[in-house]
Amino acid sequence: MSRLSSLTRTQLRWLEWLVLTSILLACVAWASVQQQPRALNAIMQDLAGWVSAPKARSDIVIVAIDDASLQSVGRWPWRRAVHAQLLNSISAGQPAAIGIDVLFSEPDQVFPQDDPLLARAIHNAGNVVLPIDWRMAGVDLGAELPIAGLREAAQELGHVNVSVDDDGVIRRYYAAQGENTGPWPHFSIAMLCASGLSHPLCRGVAVPEPGESWVQQQPEIFSFAQGATPYPMYSAEAVLTGKLPPSTFRGKYVLLGATASGLGDYFASPARPSSRHIAGVELIAHALDAQLSGLHVVPASNWTNALVNVGTILLALVAIALLGPMAGLVAQVVLAVGAVLLCFALRAWGGVQLAPAAALIGLLVIYPIWSWRRLSAAAAFLQQEMYSLRSALDSTGAPLRNTVLVDDFLDRRIKAVESATSTLRQMHGFVRDTLRQIPSPTFVVDPHGLISLHNEAADRYMESLPVATQGLIAIQTVLQGLRATATGQMLQFATPEQLQALPAECEVSDRLGRPWLLLAEAFRAPAPDGWLLMLVDMTELHKAMEQRDQALRFISHDFRSPQASIITLLEMYQEFPGQMTERELHHKIGRLAHQSLEMAESFVQLASAQSQSMQLRPVFLDTLLQEAVDDCWAKATEKRVQVRYVPGSLEEAETEITTLGDRSLLHRCLVNLITNAIKYSPAETSVEARVSDEETHWVLQIQDHGFGMNAEQLERLFQPFQRFHQSSQPQIAGIGLGLTFVHTVVQRHQGFVTVTSEVGQGSCFSIHLLKEHAEAVSKAPAVIA
């Protein structure tokens, strides 16, 4: 019992399956060998016979001793002279063989002269078959033969015995039956022999020596032809009176037998669904048809039946073990239909009659039994899970739905688990949605190293590598090539041990050289059963650190320089009072103080442009550009540089040149550009400002004719603390933050800046800002952070 309790649910399921398999296969194998259940086997075999019934041959005819014949000739038994006359009329048509299904086992005591007359008619025909019946008296079992004179005149003798099944239906006969010293062929085989065809059982009319036992050999199943009356049947009265021409029987196999009410031997058979009784002479006709056509139907061996039935049940058991309930049920139906179709096919094309009832009964009981066991297991599992979930959710305060009394045992458990799992699904959805909103690539990894959950940022990261984002993805495939920045060691993620060895935080670089901070956390319950891995982009942090280092270098050098100069001037003034006047001292100190103030303002402006909230309002860009030009007029005049606003086609067409933006930031941005153009332009040159449009953008252009820049300088143009022309123009002051401010402001307005420049020819700065229609402007939010 302790061993069973230690098995997992899957192991218990397979153990139950093996037990059920063993029991069912043993039962089906036993039933197959015993041909059980016989009634169902008989029904299936009869159906197979009806479905595969062949067309009747046209060379078999029956001459029936029917009610009309009795009325015409007289009551039975007829004189043997009448039989002789009937035989002469038939033989005149030269048939292939004549079979007389009338037993003449005793001499005619009333008309003894008729026996030689009938013998002569039989001899003259030359192809007559007479029947053999069998007698049973106590333990004396033997053949009942025709009288010697008739027997010696006949061509062949054949037995007319049939095998009766338990339900009283005739379905089979034996090809040979009689004394073991020489069994007689069936009447249908004797007909073949009489017609001149060879057959191993042909033996003529010689009586065998008395044997020690009675044998029945080569069982064959009747293959009934199609139709209620498949073979032409003529009344003996019509033959005797000459109503039928002799040519009717030419080349035919003629069977003569009794069909009159109360006279003929009738048998129950599956040949006719509407009327299951058939005359003995008709049974011979069906057997003869099969012998002539070579359609031999034999029962399948016990081993064949067992193999087919056991194989069917085994497939059904595999189906219900591997497939779901609906698919398993469909598989049972398909296998049942397949077993029936196989039975029909083997009967029709192979001449083999299966006994599929054991498989059909097995298929009928498999599904309910297995469903009962699975239902019991499901109920037990739900009971266990209900307790586990209830205890797990006690701390969450999640309400569990009450069940009503009308619910059954399984319903109550299903509803309890449904309530608990609904709460778990909500919690899982919350975790999933939270994970998706994390801006960094995040992966949930199972104990096998496969990604079970990831967010959209992880999708974008995998697409950039590129790595497939669908299906089962190993975390090793995604993060291979990840290298620790501090040690240069390659990190591995293929096994649980390697995942367990990951540090909680580690700065790394991926296969594309991008810097990341890897965060790893294990799920413990109590052993690690999964990991949460997150990649935090370090690019912006590295840029910020680089800017910080540049700022520190600038502060330690450029920003300290004016302060140090002021201190030096004061010390020189105190040490050497006559070398510098007070007014000259004040002038130099003021210039250095203004330089320091300008540096501080540049820092403040850039920080404000990067972080402050923008007050978005409709802005007329042409008016704003003109105001910026006016604000820079004094500085341009001081340097003897002409600055002007140049109207274009937009102004001539009175176009509203508007965008949605922060007027203060855009104004300071334009002033910085124009001031920069004036600063780097020689005296007696000009700076032009104009507005144009390009599809979806307005373009504000500041053109100067100054010193210009080369390609290397253009690449570093918008980086902070970049100053050009220091060696050629040392008188130009600045700290290299003006263009960084411009670039930041334009980017925050979803625009961009382009620059064209040539050394000695000047530069043209173009600010591209989105056009805004009146509707968009009116609906714009007031503030965007």
# chains A, B, ... in the order shown; residues from 1 in each chain; ligands from 1
>>> select_by_dssp(residues="region 123-346 of chain A", states="helix (DSSP H, G or I)", output="PDB file with N, CA and C atoms, in the first residue's frame")
ATOM      1  N   HIS A 123     -28.741 -44.434 -66.465  1.00  0.00           N
ATOM      2  CA  HIS A 123     -27.579 -44.878 -67.239  1.00  0.00           C
ATOM      3  C   HIS A 123     -27.521 -44.153 -68.565  1.00  0.00           C
ATOM      4  N   ASN A 124     -28.674 -44.013 -69.240  1.00  0.00           N
ATOM      5  CA  ASN A 124     -28.687 -43.348 -70.539  1.00  0.00           C
ATOM      6  C   ASN A 124     -28.277 -41.871 -70.433  1.00  0.00           C
ATOM      7  N   ALA A 125     -28.676 -41.241 -69.362  1.00  0.00           N
ATOM      8  CA  ALA A 125     -28.274 -39.834 -69.198  1.00  0.00           C
ATOM      9  C   ALA A 125     -26.765 -39.729 -69.051  1.00  0.00           C
ATOM     10  N   ALA A 148     -28.882 -50.589 -55.034  1.00  0.00           N
ATOM     11  CA  ALA A 148     -27.708 -50.961 -55.831  1.00  0.00           C
ATOM     12  C   ALA A 148     -27.901 -50.678 -57.319  1.00  0.00           C
ATOM     13  N   GLY A 149     -29.091 -51.009 -57.889  1.00  0.00           N
ATOM     14  CA  GLY A 149     -29.288 -50.820 -59.322  1.00  0.00           C
ATOM     15  C   GLY A 149     -29.200 -49.372 -59.730  1.00  0.00           C
ATOM     16  N   LEU A 150     -29.805 -48.544 -58.936  1.00  0.00           N
ATOM     17  CA  LEU A 150     -29.745 -47.112 -59.260  1.00  0.00           C
ATOM     18  C   LEU A 150     -28.346 -46.547 -59.003  1.00  0.00           C
ATOM     19  N   ARG A 151     -27.723 -47.026 -57.911  1.00  0.00           N
ATOM     20  CA  ARG A 151     -26.388 -46.514 -57.571  1.00  0.00           C
ATOM     21  C   ARG A 151     -25.397 -46.847 -58.665  1.00  0.00           C
ATOM     22  N   GLU A 152     -25.463 -48.073 -59.176  1.00  0.00           N
ATOM     23  CA  GLU A 152     -24.495 -48.482 -60.198  1.00  0.00           C
ATOM     24  C   GLU A 152     -24.733 -47.763 -61.523  1.00  0.00           C
ATOM     25  N   ALA A 153     -25.984 -47.346 -61.776  1.00  0.00           N
ATOM     26  CA  ALA A 153     -26.271 -46.635 -63.023  1.00  0.00           C
ATOM     27  C   ALA A 153     -25.848 -45.169 -62.965  1.00  0.00           C
ATOM     28  N   PHE A 187     -22.846 -33.046 -52.451  1.00  0.00           N
ATOM     29  CA  PHE A 187     -23.616 -33.201 -53.686  1.00  0.00           C
ATOM     30  C   PHE A 187     -23.160 -32.208 -54.757  1.00  0.00           C
ATOM     31  N   SER A 188     -22.824 -30.970 -54.347  1.00  0.00           N
ATOM     32  CA  SER A 188     -22.409 -29.955 -55.319  1.00  0.00           C
ATOM     33  C   SER A 188     -21.085 -30.342 -55.976  1.00  0.00           C
ATOM     34  N   ILE A 189     -20.171 -30.937 -55.196  1.00  0.00           N
ATOM     35  CA  ILE A 189     -18.888 -31.380 -55.763  1.00  0.00           C
ATOM     36  C   ILE A 189     -19.106 -32.573 -56.691  1.00  0.00           C
ATOM     37  N   ALA A 190     -20.023 -33.466 -56.303  1.00  0.00           N
ATOM     38  CA  ALA A 190     -20.342 -34.602 -57.175  1.00  0.00           C
ATOM     39  C   ALA A 190     -20.906 -34.132 -58.514  1.00  0.00           C
ATOM     40  N   MET A 191     -21.645 -33.009 -58.503  1.00  0.00           N
ATOM     41  CA  MET A 191     -22.165 -32.441 -59.757  1.00  0.00           C
ATOM     42  C   MET A 191     -21.020 -32.012 -60.669  1.00  0.00           C
ATOM     43  N   LEU A 192     -19.986 -31.426 -60.084  1.00  0.00           N
ATOM     44  CA  LEU A 192     -18.810 -31.057 -60.885  1.00  0.00           C
ATOM     45  C   LEU A 192     -18.187 -32.305 -61.498  1.00  0.00           C
ATOM     46  N   CYS A 193     -18.055 -33.338 -60.675  1.00  0.00           N
ATOM     47  CA  CYS A 193     -17.427 -34.563 -61.160  1.00  0.00           C
ATOM     48  C   CYS A 193     -18.249 -35.181 -62.290  1.00  0.00           C
ATOM     49  N   ALA A 194     -19.592 -35.153 -62.145  1.00  0.00           N
ATOM     50  CA  ALA A 194     -20.459 -35.746 -63.163  1.00  0.00           C
ATOM     51  C   ALA A 194     -20.399 -34.985 -64.476  1.00  0.00           C
ATOM     52  N   ALA A 236     -41.847 -29.464 -62.408  1.00  0.00           N
ATOM     53  CA  ALA A 236     -41.704 -30.803 -63.009  1.00  0.00           C
ATOM     54  C   ALA A 236     -42.884 -31.101 -63.928  1.00  0.00           C
ATOM     55  N   GLU A 237     -44.065 -30.564 -63.585  1.00  0.00           N
ATOM     56  CA  GLU A 237     -45.251 -30.759 -64.417  1.00  0.00           C
ATOM     57  C   GLU A 237     -45.043 -30.197 -65.807  1.00  0.00           C
ATOM     58  N   ALA A 238     -44.347 -29.020 -65.920  1.00  0.00           N
ATOM     59  CA  ALA A 238     -44.090 -28.413 -67.225  1.00  0.00           C
ATOM     60  C   ALA A 238     -43.130 -29.256 -68.042  1.00  0.00           C
ATOM     61  N   VAL A 239     -42.173 -29.921 -67.382  1.00  0.00           N
ATOM     62  CA  VAL A 239     -41.220 -30.774 -68.106  1.00  0.00           C
ATOM     63  C   VAL A 239     -41.924 -32.039 -68.604  1.00  0.00           C
ATOM     64  N   LEU A 240     -42.753 -32.628 -67.729  1.00  0.00           N
ATOM     65  CA  LEU A 240     -43.431 -33.878 -68.097  1.00  0.00           C
ATOM     66  C   LEU A 240     -44.417 -33.662 -69.242  1.00  0.00           C
ATOM     67  N   PRO A 246     -36.566 -28.984 -75.009  1.00  0.00           N
ATOM     68  CA  PRO A 246     -35.346 -29.632 -74.471  1.00  0.00           C
ATOM     69  C   PRO A 246     -34.154 -28.683 -74.403  1.00  0.00           C
ATOM     70  N   SER A 247     -34.104 -27.687 -75.296  1.00  0.00           N
ATOM     71  CA  SER A 247     -32.953 -26.765 -75.300  1.00  0.00           C
ATOM     72  C   SER A 247     -32.846 -25.946 -74.014  1.00  0.00           C
ATOM     73  N   THR A 248     -33.922 -25.949 -73.217  1.00  0.00           N
ATOM     74  CA  THR A 248     -33.887 -25.179 -71.962  1.00  0.00           C
ATOM     75  C   THR A 248     -32.751 -25.647 -71.051  1.00  0.00           C
ATOM     76  N   PHE A 249     -32.414 -26.936 -71.141  1.00  0.00           N
ATOM     77  CA  PHE A 249     -31.435 -27.501 -70.214  1.00  0.00           C
ATOM     78  C   PHE A 249     -30.060 -27.725 -70.849  1.00  0.00           C
ATOM     79  N   GLY A 280     -34.017 -27.699 -49.603  1.00  0.00           N
ATOM     80  CA  GLY A 280     -32.720 -28.357 -49.663  1.00  0.00           C
ATOM     81  C   GLY A 280     -32.110 -28.315 -51.047  1.00  0.00           C
ATOM     82  N   VAL A 281     -32.948 -28.427 -52.119  1.00  0.00           N
ATOM     83  CA  VAL A 281     -32.414 -28.378 -53.469  1.00  0.00           C
ATOM     84  C   VAL A 281     -31.823 -27.003 -53.789  1.00  0.00           C
ATOM     85  N   GLU A 282     -32.377 -25.948 -53.175  1.00  0.00           N
ATOM     86  CA  GLU A 282     -31.808 -24.608 -53.374  1.00  0.00           C
ATOM     87  C   GLU A 282     -30.474 -24.465 -52.654  1.00  0.00           C
ATOM     88  N   LEU A 283     -30.356 -25.090 -51.481  1.00  0.00           N
ATOM     89  CA  LEU A 283     -29.055 -25.073 -50.801  1.00  0.00           C
ATOM     90  C   LEU A 283     -27.978 -25.696 -51.685  1.00  0.00           C
ATOM     91  N   ILE A 284     -28.347 -26.816 -52.333  1.00  0.00           N
ATOM     92  CA  ILE A 284     -27.386 -27.469 -53.228  1.00  0.00           C
ATOM     93  C   ILE A 284     -27.021 -26.530 -54.380  1.00  0.00           C
ATOM     94  N   ALA A 285     -28.006 -25.789 -54.897  1.00  0.00           N
ATOM     95  CA  ALA A 285     -27.749 -24.860 -56.002  1.00  0.00           C
ATOM     96  C   ALA A 285     -26.744 -23.780 -55.583  1.00  0.00           C
ATOM     97  N   HIS A 286     -26.906 -23.222 -54.371  1.00  0.00           N
ATOM     98  CA  HIS A 286     -25.963 -22.196 -53.889  1.00  0.00           C
ATOM     99  C   HIS A 286     -24.571 -22.779 -53.709  1.00  0.00           C
ATOM    100  N   ALA A 287     -24.496 -23.995 -53.158  1.00  0.00           N
ATOM    101  CA  ALA A 287     -23.183 -24.629 -52.980  1.00  0.00           C
ATOM    102  C   ALA A 287     -22.541 -24.912 -54.325  1.00  0.00           C
ATOM    103  N   LEU A 288     -23.333 -25.374 -55.309  1.00  0.00           N
ATOM    104  CA  LEU A 288     -22.813 -25.653 -56.637  1.00  0.00           C
ATOM    105  C   LEU A 288     -22.311 -24.378 -57.312  1.00  0.00           C
ATOM    106  N   ASP A 289     -23.045 -23.290 -57.130  1.00  0.00           N
ATOM    107  CA  ASP A 289     -22.633 -22.007 -57.689  1.00  0.00           C
ATOM    108  C   ASP A 289     -21.243 -21.635 -57.154  1.00  0.00           C
ATOM    109  N   ALA A 290     -21.040 -21.765 -55.849  1.00  0.00           N
ATOM    110  CA  ALA A 290     -19.747 -21.410 -55.254  1.00  0.00           C
ATOM    111  C   ALA A 290     -18.642 -22.325 -55.755  1.00  0.00           C
ATOM    112  N   GLN A 291     -18.932 -23.632 -55.900  1.00  0.00           N
ATOM    113  CA  GLN A 291     -17.914 -24.561 -56.377  1.00  0.00           C
ATOM    114  C   GLN A 291     -17.520 -24.250 -57.818  1.00  0.00           C
ATOM    115  N   LEU A 292     -18.514 -23.951 -58.643  1.00  0.00           N
ATOM    116  CA  LEU A 292     -18.214 -23.629 -60.049  1.00  0.00           C
ATOM    117  C   LEU A 292     -17.443 -22.325 -60.179  1.00  0.00           C
ATOM    118  N   SER A 293     -17.783 -21.334 -59.319  1.00  0.00           N
ATOM    119  CA  SER A 293     -17.141 -20.010 -59.405  1.00  0.00           C
ATOM    120  C   SER A 293     -15.848 -19.944 -58.611  1.00  0.00           C
ATOM    121  N   ASN A 302      -9.007 -19.885 -35.193  1.00  0.00           N
ATOM    122  CA  ASN A 302      -9.115 -19.265 -33.871  1.00  0.00           C
ATOM    123  C   ASN A 302      -7.996 -18.262 -33.630  1.00  0.00           C
ATOM    124  N   TRP A 303      -6.802 -18.559 -34.101  1.00  0.00           N
ATOM    125  CA  TRP A 303      -5.673 -17.648 -33.913  1.00  0.00           C
ATOM    126  C   TRP A 303      -5.846 -16.376 -34.733  1.00  0.00           C
ATOM    127  N   THR A 304      -6.423 -16.523 -35.932  1.00  0.00           N
ATOM    128  CA  THR A 304      -6.674 -15.322 -36.737  1.00  0.00           C
ATOM    129  C   THR A 304      -7.699 -14.422 -36.057  1.00  0.00           C
ATOM    130  N   ASN A 305      -8.785 -15.037 -35.574  1.00  0.00           N
ATOM    131  CA  ASN A 305      -9.792 -14.251 -34.858  1.00  0.00           C
ATOM    132  C   ASN A 305      -9.189 -13.571 -33.631  1.00  0.00           C
ATOM    133  N   ALA A 306      -8.375 -14.316 -32.900  1.00  0.00           N
ATOM    134  CA  ALA A 306      -7.767 -13.749 -31.693  1.00  0.00           C
ATOM    135  C   ALA A 306      -6.832 -12.597 -32.046  1.00  0.00           C
ATOM    136  N   LEU A 307      -6.054 -12.757 -33.110  1.00  0.00           N
ATOM    137  CA  LEU A 307      -5.106 -11.709 -33.498  1.00  0.00           C
ATOM    138  C   LEU A 307      -5.843 -10.426 -33.898  1.00  0.00           C
ATOM    139  N   VAL A 308      -6.891 -10.565 -34.711  1.00  0.00           N
ATOM    140  CA  VAL A 308      -7.634  -9.382 -35.152  1.00  0.00           C
ATOM    141  C   VAL A 308      -8.335  -8.716 -33.976  1.00  0.00           C
ATOM    142  N   ASN A 309      -9.020  -9.502 -33.159  1.00  0.00           N
ATOM    143  CA  ASN A 309      -9.783  -8.930 -32.050  1.00  0.00           C
ATOM    144  C   ASN A 309      -8.881  -8.317 -30.985  1.00  0.00           C
ATOM    145  N   VAL A 310      -7.812  -9.016 -30.634  1.00  0.00           N
ATOM    146  CA  VAL A 310      -6.886  -8.488 -29.633  1.00  0.00           C
ATOM    147  C   VAL A 310      -6.199  -7.233 -30.158  1.00  0.00           C
ATOM    148  N   GLY A 311      -5.814  -7.241 -31.437  1.00  0.00           N
ATOM    149  CA  GLY A 311      -5.188  -6.049 -32.024  1.00  0.00           C
ATOM    150  C   GLY A 311      -6.112  -4.855 -31.999  1.00  0.00           C
ATOM    151  N   THR A 312      -7.398  -5.079 -32.303  1.00  0.00           N
ATOM    152  CA  THR A 312      -8.371  -3.985 -32.270  1.00  0.00           C
ATOM    153  C   THR A 312      -8.509  -3.406 -30.870  1.00  0.00           C
ATOM    154  N   ILE A 313      -8.615  -4.294 -29.872  1.00  0.00           N
ATOM    155  CA  ILE A 313      -8.758  -3.841 -28.492  1.00  0.00           C
ATOM    156  C   ILE A 313      -7.502  -3.111 -28.027  1.00  0.00           C
ATOM    157  N   LEU A 314      -6.339  -3.592 -28.449  1.00  0.00           N
ATOM    158  CA  LEU A 314      -5.090  -2.940 -28.042  1.00  0.00           C
ATOM    159  C   LEU A 314      -5.012  -1.532 -28.620  1.00  0.00           C
ATOM    160  N   LEU A 315      -5.401  -1.371 -29.876  1.00  0.00           N
ATOM    161  CA  LEU A 315      -5.430  -0.023 -30.471  1.00  0.00           C
ATOM    162  C   LEU A 315      -6.403   0.879 -29.723  1.00  0.00           C
ATOM    163  N   ALA A 316      -7.553   0.328 -29.355  1.00  0.00           N
ATOM    164  CA  ALA A 316      -8.538   1.127 -28.619  1.00  0.00           C
ATOM    165  C   ALA A 316      -7.997   1.559 -27.259  1.00  0.00           C
ATOM    166  N   LEU A 317      -7.295   0.657 -26.586  1.00  0.00           N
ATOM    167  CA  LEU A 317      -6.721   0.993 -25.282  1.00  0.00           C
ATOM    168  C   LEU A 317      -5.640   2.059 -25.403  1.00  0.00           C
ATOM    169  N   VAL A 318      -4.821   1.964 -26.441  1.00  0.00           N
ATOM    170  CA  VAL A 318      -3.800   2.996 -26.667  1.00  0.00           C
ATOM    171  C   VAL A 318      -4.467   4.336 -26.953  1.00  0.00           C
ATOM    172  N   ALA A 319      -5.560   4.316 -27.721  1.00  0.00           N
ATOM    173  CA  ALA A 319      -6.257   5.559 -28.071  1.00  0.00           C
ATOM    174  C   ALA A 319      -6.816   6.244 -26.825  1.00  0.00           C
ATOM    175  N   ILE A 320      -7.474   5.490 -25.952  1.00  0.00           N
ATOM    176  CA  ILE A 320      -8.062   6.134 -24.775  1.00  0.00           C
ATOM    177  C   ILE A 320      -6.992   6.548 -23.772  1.00  0.00           C
ATOM    178  N   ALA A 321      -5.813   5.930 -23.850  1.00  0.00           N
ATOM    179  CA  ALA A 321      -4.731   6.316 -22.938  1.00  0.00           C
ATOM    180  C   ALA A 321      -4.043   7.593 -23.395  1.00  0.00           C
ATOM    181  N   LEU A 322      -3.940   7.791 -24.699  1.00  0.00           N
ATOM    182  CA  LEU A 322      -3.171   8.919 -25.226  1.00  0.00           C
ATOM    183  C   LEU A 322      -4.039  10.087 -25.654  1.00  0.00           C
ATOM    184  N   PRO A 325     -11.006  12.647 -24.020  1.00  0.00           N
ATOM    185  CA  PRO A 325     -12.273  11.896 -23.956  1.00  0.00           C
ATOM    186  C   PRO A 325     -13.003  11.865 -25.290  1.00  0.00           C
ATOM    187  N   MET A 326     -13.153  13.032 -25.933  1.00  0.00           N
ATOM    188  CA  MET A 326     -13.894  13.060 -27.192  1.00  0.00           C
ATOM    189  C   MET A 326     -13.139  12.317 -28.277  1.00  0.00           C
ATOM    190  N   ALA A 327     -11.840  12.568 -28.385  1.00  0.00           N
ATOM    191  CA  ALA A 327     -11.044  11.875 -29.396  1.00  0.00           C
ATOM    192  C   ALA A 327     -11.006  10.374 -29.126  1.00  0.00           C
ATOM    193  N   GLY A 328     -10.961   9.986 -27.833  1.00  0.00           N
ATOM    194  CA  GLY A 328     -10.982   8.558 -27.507  1.00  0.00           C
ATOM    195  C   GLY A 328     -12.286   7.900 -27.910  1.00  0.00           C
ATOM    196  N   LEU A 329     -13.412   8.613 -27.695  1.00  0.00           N
ATOM    197  CA  LEU A 329     -14.711   8.065 -28.098  1.00  0.00           C
ATOM    198  C   LEU A 329     -14.792   7.915 -29.615  1.00  0.00           C
ATOM    199  N   VAL A 330     -14.304   8.926 -30.320  1.00  0.00           N
ATOM    200  CA  VAL A 330     -14.299   8.848 -31.790  1.00  0.00           C
ATOM    201  C   VAL A 330     -13.431   7.676 -32.246  1.00  0.00           C
ATOM    202  N   ALA A 331     -12.299   7.476 -31.563  1.00  0.00           N
ATOM    203  CA  ALA A 331     -11.415   6.361 -31.921  1.00  0.00           C
ATOM    204  C   ALA A 331     -12.111   5.022 -31.716  1.00  0.00           C
ATOM    205  N   GLN A 332     -12.914   4.901 -30.624  1.00  0.00           N
ATOM    206  CA  GLN A 332     -13.640   3.647 -30.387  1.00  0.00           C
ATOM    207  C   GLN A 332     -14.630   3.376 -31.519  1.00  0.00           C
ATOM    208  N   VAL A 333     -15.347   4.433 -31.920  1.00  0.00           N
ATOM    209  CA  VAL A 333     -16.333   4.273 -33.004  1.00  0.00           C
ATOM    210  C   VAL A 333     -15.630   3.910 -34.310  1.00  0.00           C
ATOM    211  N   VAL A 334     -14.519   4.585 -34.587  1.00  0.00           N
ATOM    212  CA  VAL A 334     -13.780   4.298 -35.821  1.00  0.00           C
ATOM    213  C   VAL A 334     -13.275   2.860 -35.828  1.00  0.00           C
ATOM    214  N   LEU A 335     -12.754   2.400 -34.709  1.00  0.00           N
ATOM    215  CA  LEU A 335     -12.250   1.026 -34.634  1.00  0.00           C
ATOM    216  C   LEU A 335     -13.375   0.008 -34.775  1.00  0.00           C
ATOM    217  N   ALA A 336     -14.546   0.310 -34.177  1.00  0.00           N
ATOM    218  CA  ALA A 336     -15.684  -0.607 -34.320  1.00  0.00           C
ATOM    219  C   ALA A 336     -16.122  -0.702 -35.783  1.00  0.00           C
ATOM    220  N   VAL A 337     -16.223   0.454 -36.425  1.00  0.00           N
ATOM    221  CA  VAL A 337     -16.590   0.457 -37.852  1.00  0.00           C
ATOM    222  C   VAL A 337     -15.517  -0.258 -38.664  1.00  0.00           C
ATOM    223  N   GLY A 338     -14.247  -0.021 -38.290  1.00  0.00           N
ATOM    224  CA  GLY A 338     -13.162  -0.684 -39.002  1.00  0.00           C
ATOM    225  C   GLY A 338     -13.208  -2.190 -38.863  1.00  0.00           C
ATOM    226  N   ALA A 339     -13.557  -2.690 -37.657  1.00  0.00           N
ATOM    227  CA  ALA A 339     -13.663  -4.142 -37.459  1.00  0.00           C
ATOM    228  C   ALA A 339     -14.778  -4.734 -38.313  1.00  0.00           C
ATOM    229  N   VAL A 340     -15.910  -4.029 -38.395  1.00  0.00           N
ATOM    230  CA  VAL A 340     -17.023  -4.512 -39.226  1.00  0.00           C
ATOM    231  C   VAL A 340     -16.636  -4.506 -40.701  1.00  0.00           C
ATOM    232  N   LEU A 341     -16.003  -3.397 -41.140  1.00  0.00           N
ATOM    233  CA  LEU A 341     -15.596  -3.317 -42.549  1.00  0.00           C
ATOM    234  C   LEU A 341     -14.551  -4.380 -42.892  1.00  0.00           C
ATOM    235  N   LEU A 342     -13.641  -4.660 -41.945  1.00  0.00           N
ATOM    236  CA  LEU A 342     -12.650  -5.714 -42.176  1.00  0.00           C
ATOM    237  C   LEU A 342     -13.337  -7.065 -42.320  1.00  0.00           C
ATOM    238  N   CYS A 343     -14.353  -7.312 -41.488  1.00  0.00           N
ATOM    239  CA  CYS A 343     -15.121  -8.564 -41.593  1.00  0.00           C
ATOM    240  C   CYS A 343     -15.756  -8.677 -42.968  1.00  0.00           C
ATOM    241  N   PHE A 344     -16.358  -7.577 -43.455  1.00  0.00           N
ATOM    242  CA  PHE A 344     -16.998  -7.585 -44.772  1.00  0.00           C
ATOM    243  C   PHE A 344     -15.967  -7.768 -45.880  1.00  0.00           C
ATOM    244  N   ALA A 345     -14.824  -7.069 -45.763  1.00  0.00           N
ATOM    245  CA  ALA A 345     -13.813  -7.112 -46.815  1.00  0.00           C
ATOM    246  C   ALA A 345     -13.188  -8.501 -46.940  1.00  0.00           C
ATOM    247  N   LEU A 346     -12.866  -9.120 -45.803  1.00  0.00           N
ATOM    248  CA  LEU A 346     -12.274 -10.455 -45.866  1.00  0.00           C
ATOM    249  C   LEU A 346     -13.257 -11.473 -46.434  1.00  0.00           C
TER     250      LEU A 346
END
>>> closest_atom_pairs(of="region 104-188 of chain A", to="region 84-87 of chain A", cutoff="8 Å", atoms="only C-alpha atoms", output="tab-separated table")
residue	atom	partner	partner_atom	distance
A:Leu117	CA	A:Ala84	CA	6.5
A:Leu118	CA	A:Ala84	CA	4.6
A:Ala119	CA	A:Ala84	CA	7.9
A:Ala121	CA	A:Ala84	CA	5.5
A:Ile122	CA	A:Leu87	CA	7.3
A:Ala125	CA	A:Leu87	CA	7.8
>>> residues_around(residues="Asp59 (chain A)", least_positions_apart="4", cutoff="10 Å", atoms="only C-alpha atoms", output="PyMOL selection string")
chain A and resi 95-96+231-232+249-254+289+292
>>> closest_residue(among="A:Ser692, A:Phe620, A:Gly590, A:Gly211", to="Leu650 (chain A)", atoms="only C-alpha atoms")
A:Ser692
>>> residues_around(residues="Gly760 (chain A)", least_positions_apart="5", cutoff="7 Å", atoms="only C-alpha atoms", output="number ranges by chain")
A: 706-708
>>> closest_residue(among="A:Asp631, A:Ser681, A:Pro356, A:Ser198", to="Pro37 (chain A)", atoms="only C-alpha atoms")
A:Pro356
